[in-house]
>>> print(open('my_file33.cif').read())   # mmCIF, C-alpha atoms
data_protein
loop_
_atom_site.label_atom_id
_atom_site.label_comp_id
_atom_site.auth_asym_id
_atom_site.auth_seq_id
_atom_site.Cartn_x
_atom_site.Cartn_y
_atom_site.Cartn_z
CA MET P 7 -177.63 -33.32 -9.82
CA SER P 8 -181.11 -32.62 -11.17
CA GLY P 9 -184.02 -34.93 -10.53
CA ARG P 10 -183.92 -36.04 -14.13
CA ASP P 11 -180.20 -36.87 -14.01
CA SER P 12 -180.68 -38.79 -10.78
CA PHE P 13 -183.58 -40.74 -12.28
CA LEU P 14 -181.45 -41.66 -15.30
CA ALA P 15 -178.54 -42.68 -13.06
CA GLY P 16 -180.87 -45.00 -11.17
CA ALA P 17 -182.23 -46.42 -14.43
CA ARG P 18 -178.70 -47.09 -15.70
CA ALA P 19 -177.79 -48.86 -12.47
CA ILE P 20 -180.88 -51.09 -12.55
CA ALA P 21 -180.50 -52.02 -16.25
CA PRO P 22 -178.46 -55.20 -15.72
CA VAL P 23 -180.77 -56.27 -12.90
CA LEU P 24 -183.66 -56.22 -15.37
CA LEU P 25 -182.04 -59.20 -17.10
CA GLY P 26 -182.73 -61.17 -13.94
CA ALA P 27 -186.15 -59.63 -13.23
CA ALA P 28 -187.58 -60.54 -16.63
CA PRO P 29 -187.21 -64.34 -16.25
CA PHE P 30 -188.51 -64.05 -12.67
CA GLY P 31 -191.60 -62.23 -13.95
CA LEU P 32 -192.11 -64.83 -16.69
CA VAL P 33 -192.02 -67.59 -14.09
CA ALA P 34 -194.39 -65.70 -11.79
CA GLY P 35 -196.88 -65.35 -14.65
CA ALA P 36 -196.56 -68.89 -15.96
CA ALA P 37 -196.70 -70.48 -12.49
CA ALA P 38 -199.90 -68.59 -11.65
CA VAL P 39 -201.67 -69.84 -14.77
CA GLU P 40 -200.39 -73.38 -14.21
CA ALA P 41 -201.92 -73.23 -10.73
CA GLU P 42 -205.23 -72.37 -12.43
CA LEU P 43 -205.29 -68.71 -11.57
CA THR P 44 -206.54 -66.46 -14.36
CA VAL P 45 -204.25 -64.17 -16.36
CA VAL P 46 -205.85 -61.20 -14.59
CA GLN P 47 -205.13 -62.77 -11.20
CA ALA P 48 -201.51 -63.39 -12.26
CA LEU P 49 -201.22 -59.71 -13.13
CA GLY P 50 -203.05 -58.83 -9.93
CA LEU P 51 -200.36 -60.62 -7.93
CA SER P 52 -197.53 -58.83 -9.71
CA THR P 53 -199.13 -55.38 -9.41
CA VAL P 54 -200.88 -55.60 -6.02
CA VAL P 55 -198.17 -57.63 -4.26
CA PHE P 56 -195.08 -56.93 -6.44
CA ALA P 57 -192.76 -59.22 -4.48
CA GLY P 58 -191.77 -62.24 -6.56
CA ALA P 59 -190.66 -64.78 -3.97
CA SER P 60 -193.83 -64.36 -1.91
CA GLN P 61 -195.94 -64.55 -5.07
CA LEU P 62 -194.46 -67.93 -6.02
CA ALA P 63 -195.14 -69.26 -2.53
CA ALA P 64 -198.72 -67.94 -2.58
CA ILE P 65 -199.31 -69.43 -6.05
CA ASP P 66 -198.03 -72.80 -4.90
CA LEU P 67 -200.26 -72.77 -1.82
CA LEU P 68 -203.34 -71.55 -3.72
CA GLY P 69 -202.78 -74.33 -6.25
CA ARG P 70 -202.83 -76.85 -3.40
CA ASP P 71 -206.03 -75.40 -1.87
CA ALA P 72 -204.28 -74.25 1.30
CA PRO P 73 -206.39 -72.26 3.78
CA PHE P 74 -206.55 -68.49 3.24
CA ALA P 75 -204.67 -67.71 6.48
CA VAL P 76 -201.80 -70.03 5.52
CA VAL P 77 -201.46 -68.46 2.08
CA VAL P 78 -201.44 -64.92 3.44
CA GLY P 79 -199.30 -65.71 6.50
CA THR P 80 -196.65 -67.51 4.45
CA ALA P 81 -196.37 -64.67 1.96
CA LEU P 82 -196.07 -62.07 4.70
CA VAL P 83 -193.34 -63.98 6.56
CA ILE P 84 -191.36 -64.16 3.31
CA ASN P 85 -191.78 -60.40 2.95
CA ALA P 86 -190.81 -59.58 6.53
CA ARG P 87 -187.32 -58.60 5.32
CA LEU P 88 -188.91 -55.54 3.68
CA VAL P 89 -189.31 -54.05 7.17
CA MET P 90 -185.51 -54.01 7.43
CA TYR P 91 -185.18 -52.24 4.09
CA SER P 92 -187.81 -49.74 5.14
CA ALA P 93 -185.92 -49.00 8.37
CA SER P 94 -182.59 -48.86 6.57
CA ILE P 95 -183.59 -46.22 4.00
CA ALA P 96 -185.97 -44.26 6.26
CA PRO P 97 -183.21 -42.00 7.69
CA TYR P 98 -182.48 -40.77 4.16
CA LEU P 99 -186.07 -40.10 3.17
CA GLY P 100 -187.49 -38.30 6.19
CA ARG P 101 -188.48 -35.12 4.37
CA LEU P 102 -190.66 -36.68 1.70
CA SER P 103 -194.38 -36.02 1.48
CA ARG P 104 -196.71 -38.76 2.64
CA ALA P 105 -197.77 -39.51 -0.92
CA ARG P 106 -194.19 -39.95 -2.13
CA LYS P 107 -193.40 -42.16 0.84
CA ALA P 108 -196.34 -44.35 -0.14
CA LEU P 109 -194.92 -44.70 -3.66
CA VAL P 110 -191.44 -45.43 -2.28
CA ALA P 111 -192.98 -48.12 -0.07
CA TYR P 112 -195.00 -49.72 -2.86
CA LEU P 113 -191.91 -50.00 -5.10
CA LEU P 114 -189.54 -51.29 -2.39
CA THR P 115 -187.72 -54.47 -3.49
CA ASP P 116 -184.42 -56.21 -2.76
CA GLN P 117 -182.96 -54.70 -5.92
CA ALA P 118 -184.18 -51.10 -5.56
CA TYR P 119 -183.11 -51.14 -1.92
CA ALA P 120 -179.64 -52.54 -2.64
CA LEU P 121 -178.80 -49.99 -5.32
CA SER P 122 -180.31 -47.01 -3.53
CA VAL P 123 -178.90 -47.51 -0.06
CA THR P 124 -175.39 -47.77 -1.48
CA ARG P 125 -175.91 -44.63 -3.54
CA PHE P 126 -177.45 -42.72 -0.60
CA ARG P 127 -174.47 -43.51 1.62
CA ARG P 128 -171.96 -42.25 -0.92
CA GLU P 129 -173.68 -39.31 -2.54
CA GLY P 130 -176.60 -38.40 -0.32
CA ALA P 131 -180.25 -39.26 -0.63
CA SER P 132 -182.13 -38.79 -3.87
CA VAL P 133 -185.65 -40.10 -4.20
CA TRP P 134 -185.37 -39.64 -7.97
CA TYR P 135 -182.46 -42.06 -8.10
CA TYR P 136 -184.65 -44.52 -6.19
CA PHE P 137 -187.55 -44.06 -8.60
CA GLY P 138 -185.15 -44.36 -11.56
CA ALA P 139 -184.15 -47.80 -10.29
CA ALA P 140 -187.55 -48.93 -8.98
CA VAL P 141 -189.92 -47.91 -11.80
CA PRO P 142 -188.16 -49.78 -14.67
CA LEU P 143 -187.99 -52.86 -12.44
CA TRP P 144 -191.75 -52.64 -11.88
CA VAL P 145 -192.47 -52.18 -15.59
CA VAL P 146 -190.29 -55.12 -16.65
CA PHE P 147 -191.56 -57.42 -13.92
CA VAL P 148 -195.23 -56.72 -14.65
CA ALA P 149 -194.75 -56.93 -18.43
CA ALA P 150 -192.85 -60.21 -18.06
CA THR P 151 -195.64 -61.54 -15.83
CA ALA P 152 -198.14 -60.81 -18.60
CA VAL P 153 -195.98 -62.58 -21.19
CA GLY P 154 -195.46 -65.55 -18.88
CA ALA P 155 -199.15 -65.77 -18.00
CA VAL P 156 -200.27 -65.70 -21.63
CA GLY P 157 -197.46 -67.61 -23.30
CA GLY P 158 -195.84 -69.65 -20.55
CA ALA P 159 -192.18 -69.41 -19.55
CA GLN P 160 -189.94 -70.70 -22.30
CA LEU P 161 -186.36 -69.73 -21.65
CA PRO P 162 -183.15 -71.29 -22.81
CA PRO P 163 -182.13 -72.93 -19.50
CA SER P 164 -178.45 -72.67 -20.39
CA LEU P 165 -178.52 -68.88 -20.41
CA PRO P 166 -177.99 -67.89 -16.76
CA LEU P 167 -179.55 -64.40 -16.93
CA GLY P 168 -180.62 -64.63 -13.32
CA PHE P 169 -176.95 -64.58 -12.34
CA ALA P 170 -176.97 -60.82 -13.04
CA VAL P 171 -178.82 -60.24 -9.78
CA PRO P 172 -176.26 -61.69 -7.30
CA LEU P 173 -173.48 -60.04 -9.31
CA VAL P 174 -175.10 -56.62 -8.89
CA PHE P 175 -175.64 -57.29 -5.18
CA LEU P 176 -171.94 -58.18 -4.99
CA ALA P 177 -170.98 -54.89 -6.64
CA VAL P 178 -173.02 -52.88 -4.13
CA LEU P 179 -171.95 -55.04 -1.18
CA THR P 180 -168.29 -54.06 -1.28
CA PRO P 181 -168.82 -50.31 -0.68
CA ALA P 182 -171.07 -51.20 2.28
CA VAL P 183 -168.19 -53.05 3.96
CA THR P 184 -166.07 -50.32 5.52
CA ASP P 185 -164.88 -51.36 8.99
CA ASN P 186 -164.57 -54.33 11.36
CA ALA P 187 -168.22 -54.22 12.34
CA SER P 188 -169.50 -54.23 8.75
CA VAL P 189 -167.04 -56.96 7.73
CA THR P 190 -168.38 -59.05 10.59
CA ALA P 191 -171.98 -58.25 9.64
CA ALA P 192 -171.29 -59.39 6.07
CA VAL P 193 -169.42 -62.59 7.03
CA VAL P 194 -171.97 -63.66 9.64
CA GLY P 195 -174.93 -62.55 7.51
CA GLY P 196 -173.67 -64.54 4.52
CA GLY P 197 -172.64 -67.55 6.62
CA VAL P 198 -175.96 -67.87 8.40
CA ALA P 199 -177.88 -67.35 5.15
CA VAL P 200 -175.90 -70.18 3.51
CA ALA P 201 -176.44 -72.44 6.52
CA GLY P 202 -180.16 -71.69 6.30
CA ALA P 203 -180.40 -71.80 2.51
CA THR P 204 -182.75 -74.78 2.56
CA LEU P 205 -185.08 -73.34 5.21
CA PRO P 206 -188.57 -72.46 4.02
CA LEU P 207 -190.09 -68.95 3.99
CA ASN P 208 -186.82 -67.21 3.09
CA LEU P 209 -185.87 -67.61 6.76
CA GLY P 210 -182.20 -68.08 5.85
CA LEU P 211 -182.10 -64.56 4.46
CA LEU P 212 -184.01 -63.03 7.35
CA GLY P 213 -182.01 -64.91 10.00
CA GLY P 214 -178.73 -64.17 8.24
CA ALA P 215 -179.45 -60.46 8.07
CA LEU P 216 -180.48 -60.23 11.73
CA ALA P 217 -177.53 -62.35 12.90
CA GLY P 218 -175.16 -60.24 10.81
CA VAL P 219 -176.39 -56.98 12.32
CA ALA P 220 -176.25 -58.44 15.84
CA ALA P 221 -172.68 -59.69 15.30
CA GLY P 222 -171.62 -56.31 13.93
CA LEU P 223 -173.02 -54.57 17.00
CA LEU P 224 -171.09 -56.99 19.24
CA VAL P 225 -167.86 -56.11 17.43
CA ASP P 226 -168.64 -52.43 17.99
CA GLU P 227 -169.13 -53.04 21.70
CA ALA P 228 -165.95 -55.07 21.99
CA GLY P 229 -164.16 -51.92 20.87
CA ASP P 230 -161.31 -51.21 18.50
CA ASP P 231 -158.75 -53.42 20.27
CA SER P 232 -160.50 -56.58 19.05
CA GLY P 233 -159.77 -55.63 15.42
CA GLY P 234 -160.01 -58.34 12.82
CA SER P 235 -160.93 -61.12 15.22
CA GLY P 236 -162.73 -62.92 12.42
CA LYS P 237 -166.09 -64.58 12.55
CA PRO P 238 -167.83 -64.79 15.90
CA GLY P 239 -169.91 -67.90 16.27
CA ASP P 240 -172.78 -66.00 17.82
CA ARG P 241 -176.03 -66.63 16.04
CA ASP P 242 -178.67 -66.00 18.63
CA GLY P 243 -179.51 -62.57 17.21
CA GLY P 244 -181.18 -64.38 14.35
CA GLU P 245 -184.14 -65.64 16.26
CA THR P 246 -185.30 -62.45 17.93
CA ALA P 247 -187.77 -61.17 15.37
CA MET W 4 -209.65 -72.39 -5.15
CA THR W 5 -209.95 -69.34 -7.36
CA GLY W 6 -212.60 -68.19 -4.91
CA VAL W 7 -209.99 -67.29 -2.32
CA ALA W 8 -207.44 -66.07 -4.87
CA TRP W 9 -208.58 -62.45 -5.00
CA PRO W 10 -209.04 -62.03 -1.24
CA ALA W 11 -205.58 -63.59 -0.77
CA ILE W 12 -204.00 -61.33 -3.38
CA VAL W 13 -205.50 -58.24 -1.76
CA ALA W 14 -204.61 -59.31 1.78
CA ILE W 15 -201.01 -60.12 0.83
CA GLY W 16 -200.76 -56.84 -1.10
CA VAL W 17 -202.05 -54.73 1.80
CA GLY W 18 -199.92 -56.59 4.35
CA THR W 19 -196.80 -56.28 2.20
CA LEU W 20 -197.41 -52.58 1.67
CA LEU W 21 -197.65 -52.10 5.44
CA LEU W 22 -194.34 -53.97 5.90
CA ARG W 23 -192.71 -51.78 3.26
CA ALA W 24 -194.17 -48.55 4.61
CA SER W 25 -193.56 -49.31 8.29
CA PHE W 26 -190.39 -47.42 9.13
CA LEU W 27 -190.69 -44.92 6.30
CA TYR W 28 -193.54 -43.43 8.37
CA LEU W 29 -192.48 -44.48 11.88
CA TYR W 30 -188.87 -43.31 11.73
CA GLU W 31 -189.65 -39.64 12.43
CA ARG W 32 -191.96 -40.47 15.32
CA ILE W 33 -189.64 -42.70 17.29
CA ASP W 34 -186.43 -41.66 18.99
CA LEU W 35 -183.92 -44.28 17.98
CA PRO W 36 -181.07 -44.81 20.48
CA PRO W 37 -177.50 -44.64 19.03
CA ARG W 38 -177.32 -48.43 19.07
CA GLY W 39 -180.42 -48.59 16.91
CA GLU W 40 -178.94 -46.11 14.43
CA ARG W 41 -175.77 -48.18 14.34
CA ALA W 42 -177.81 -51.35 13.72
CA LEU W 43 -179.45 -49.66 10.73
CA GLU W 44 -176.02 -48.73 9.33
CA LEU W 45 -175.04 -52.40 9.44
CA VAL W 46 -178.16 -53.62 7.60
CA PRO W 47 -176.80 -53.19 4.04
CA ALA W 48 -173.63 -55.22 4.67
CA ALA W 49 -175.56 -57.99 6.44
CA VAL W 50 -178.51 -58.14 4.01
CA LEU W 51 -176.54 -57.88 0.78
CA SER W 52 -174.18 -60.61 1.91
CA ALA W 53 -177.14 -62.77 2.98
CA LEU W 54 -178.67 -62.26 -0.47
CA VAL W 55 -175.47 -63.04 -2.39
CA ALA W 56 -173.78 -65.82 -0.43
CA PRO W 57 -176.40 -68.57 -0.92
CA SER W 58 -176.67 -67.92 -4.67
CA LEU W 59 -172.91 -68.42 -5.00
CA LEU W 60 -172.17 -71.09 -2.38
CA ALA W 61 -175.41 -73.06 -2.54
CA PRO W 62 -177.01 -72.35 -5.94
CA GLU W 63 -179.04 -75.58 -5.78
CA GLY W 64 -179.82 -75.41 -2.06
CA ALA W 65 -176.95 -77.50 -0.69
CA VAL W 66 -173.50 -76.02 -0.16
CA THR W 67 -171.29 -76.92 -3.13
CA VAL W 68 -167.63 -75.98 -3.53
CA VAL W 69 -166.11 -78.47 -5.99
CA GLY W 70 -167.32 -77.94 -9.55
CA ASN W 71 -169.41 -74.90 -8.56
CA ASP W 72 -169.04 -72.56 -11.55
CA ARG W 73 -171.08 -69.84 -9.89
CA LEU W 74 -168.76 -69.76 -6.91
CA VAL W 75 -165.69 -69.38 -9.13
CA ALA W 76 -167.39 -66.66 -11.21
CA GLY W 77 -168.61 -64.97 -8.04
CA VAL W 78 -165.14 -64.89 -6.48
CA ALA W 79 -163.70 -63.41 -9.69
CA ALA W 80 -166.50 -60.83 -9.69
CA LEU W 81 -165.89 -60.09 -6.02
CA VAL W 82 -162.27 -59.25 -6.73
CA VAL W 83 -163.37 -56.88 -9.50
CA ALA W 84 -166.09 -55.38 -7.31
CA TRP W 85 -163.58 -54.78 -4.54
CA THR W 86 -160.97 -53.14 -6.75
CA THR W 87 -163.20 -51.14 -9.13
CA GLU W 88 -166.54 -50.72 -7.27
CA ASN W 89 -168.00 -50.70 -10.78
CA ILE W 90 -171.26 -52.59 -11.40
CA PHE W 91 -170.71 -53.17 -15.12
CA ALA W 92 -167.13 -54.40 -14.72
CA THR W 93 -168.32 -56.76 -11.97
CA LEU W 94 -171.13 -58.09 -14.18
CA ALA W 95 -168.91 -58.48 -17.23
CA VAL W 96 -166.23 -60.48 -15.40
CA GLY W 97 -168.80 -62.60 -13.56
CA PHE W 98 -170.64 -63.54 -16.77
CA VAL W 99 -167.50 -64.10 -18.84
CA VAL W 100 -166.08 -66.45 -16.22
CA LEU W 101 -169.39 -68.30 -15.74
CA LEU W 102 -170.02 -68.76 -19.47
CA GLY W 103 -166.36 -69.65 -20.04
CA LEU W 104 -166.55 -72.39 -17.41
CA GLN W 105 -169.86 -73.70 -18.75
CA TYR W 106 -169.00 -73.81 -22.43
CA LEU W 107 -165.23 -73.98 -22.74
CA VAL W 108 -164.00 -76.07 -19.84
#
>>> encode(input="my_file33.cif", output="structure tokens")
Amino acid sequence: MSGRDSFLAGARAIAPVLLGAAPFGLVAGAAAVEAELTVVQALGLSTVVFAGASQLAAIDLLGRDAPFAVVVGTALVINARLVMYSASIAPYLGRLSRARKALVAYLLTDQAYALSVTRFRREGASVWYYFGAAVPLWVVFVAATAVGAVGGAQLPPSLPLGFAVPLVFLAVLTPAVTDNASVTAAVVGGGVAVAGATLPLNLGLLGGALAGVAAGLLVDEAGDDSGGSGKPGDRDGGETA
Amino acid sequence: MTGVAWPAIVAIGVGTLLLRASFLYLYERIDLPPRGERALELVPAAVLSALVAPSLLAPEGAVTVVGNDRLVAGVAALVVAWTTENIFATLAVGFVVLLGLQYLV
């Protein structure tokens, strides 16, 4: 597949996710202006940081005159999961130039990661597929931020466009679940994330992911004869990072 | 307040870029043991499930089963995802079920 075809395949895959990214961008823009940041600062957040959940937390804290270290520290804890994504796709992207790696890093999001890692596992790595998914997401998110910052976020609340995002994650989750260890990783990861859904700083997601990986490794070590033993109660992998 | 906004934006941006770049640059320089490689293989299943599960089971923060339209739509979509592994079919069924429950039932 040529680079162009791969880019277009990535763009097609990300298209439905853009439905969810646009409202998120609108909210990021509108919330920034409501917190008395300027339109340029709202756009600065979306282009310099480009990580919506951490932006909303930073906006909230800036609006409440929180100390600089608290604002920055909170945002970075929320974004700690990106280290996992970086590690997870790194084996596929070893041969890239330093400059391309920098661009891959800058554009790394939940959505671009989810689509790309699934694709890489099935059909081999293609940085163009990654860019095809990541670049449209960036464009839509930044454009929506501008619209939200200038015009405010006015969306019909009954239209659940954001639901596109978990549905796409669901579609790429199933190919990632291939054996006992990955089933366990998914069940424990999801279970711990639900249990921690009300925790601040996105810690439910981070803890769920770490606990899921740890549980999957335990199933591996227990060997094949333990097949299908269900959900281990072990959660202590979640607190190690 | 706006005085610290730009320094905060830049600091968060630089810090986040370092988090994102971390293993993209480190991976070649470190010798990962087989267990570490295996852990990386398990990341997608664990992370994707941790992203999805709360938005279906606890869309408002607290776990809700009865009357949770998103859970019903999500389970229908999961069945389609499992059988077809097709993103658009999964989306279509998930949205049709969710909108059907919201507007028809």
>>> resolve_selection(input="my_file33.cif", expression="the PyMOL selection byres ((chain P) within 6 of (chain W))", output="VMD selection string")
chain P and resid 51 54 to 55 71 78 88 to 89 92 to 94 96 111 to 112 172 to 173 177 179 to 180 182 to 183 188 191 to 192 195 to 196 199 to 200 203 to 204 211 214 to 215 218 to 219
>>> closest_residue(input="my_file33.cif", among="P:Gln47, P:Asn186, P:Gln117, P:Ser132", to="Leu99 of chain P", atoms="all atoms listed in the file")
P:Ser132
>>> atom_distance(input="my_file33.cif", atom1="atom CA of Val33 of chain P", atom2="atom CA of Ile65 of chain P")
11.0 Å
>>> atom_distance(input="my_file33.cif", atom1="atom CA of Arg106 of chain P", atom2="atom CA of Asn208 of chain P")
28.7 Å
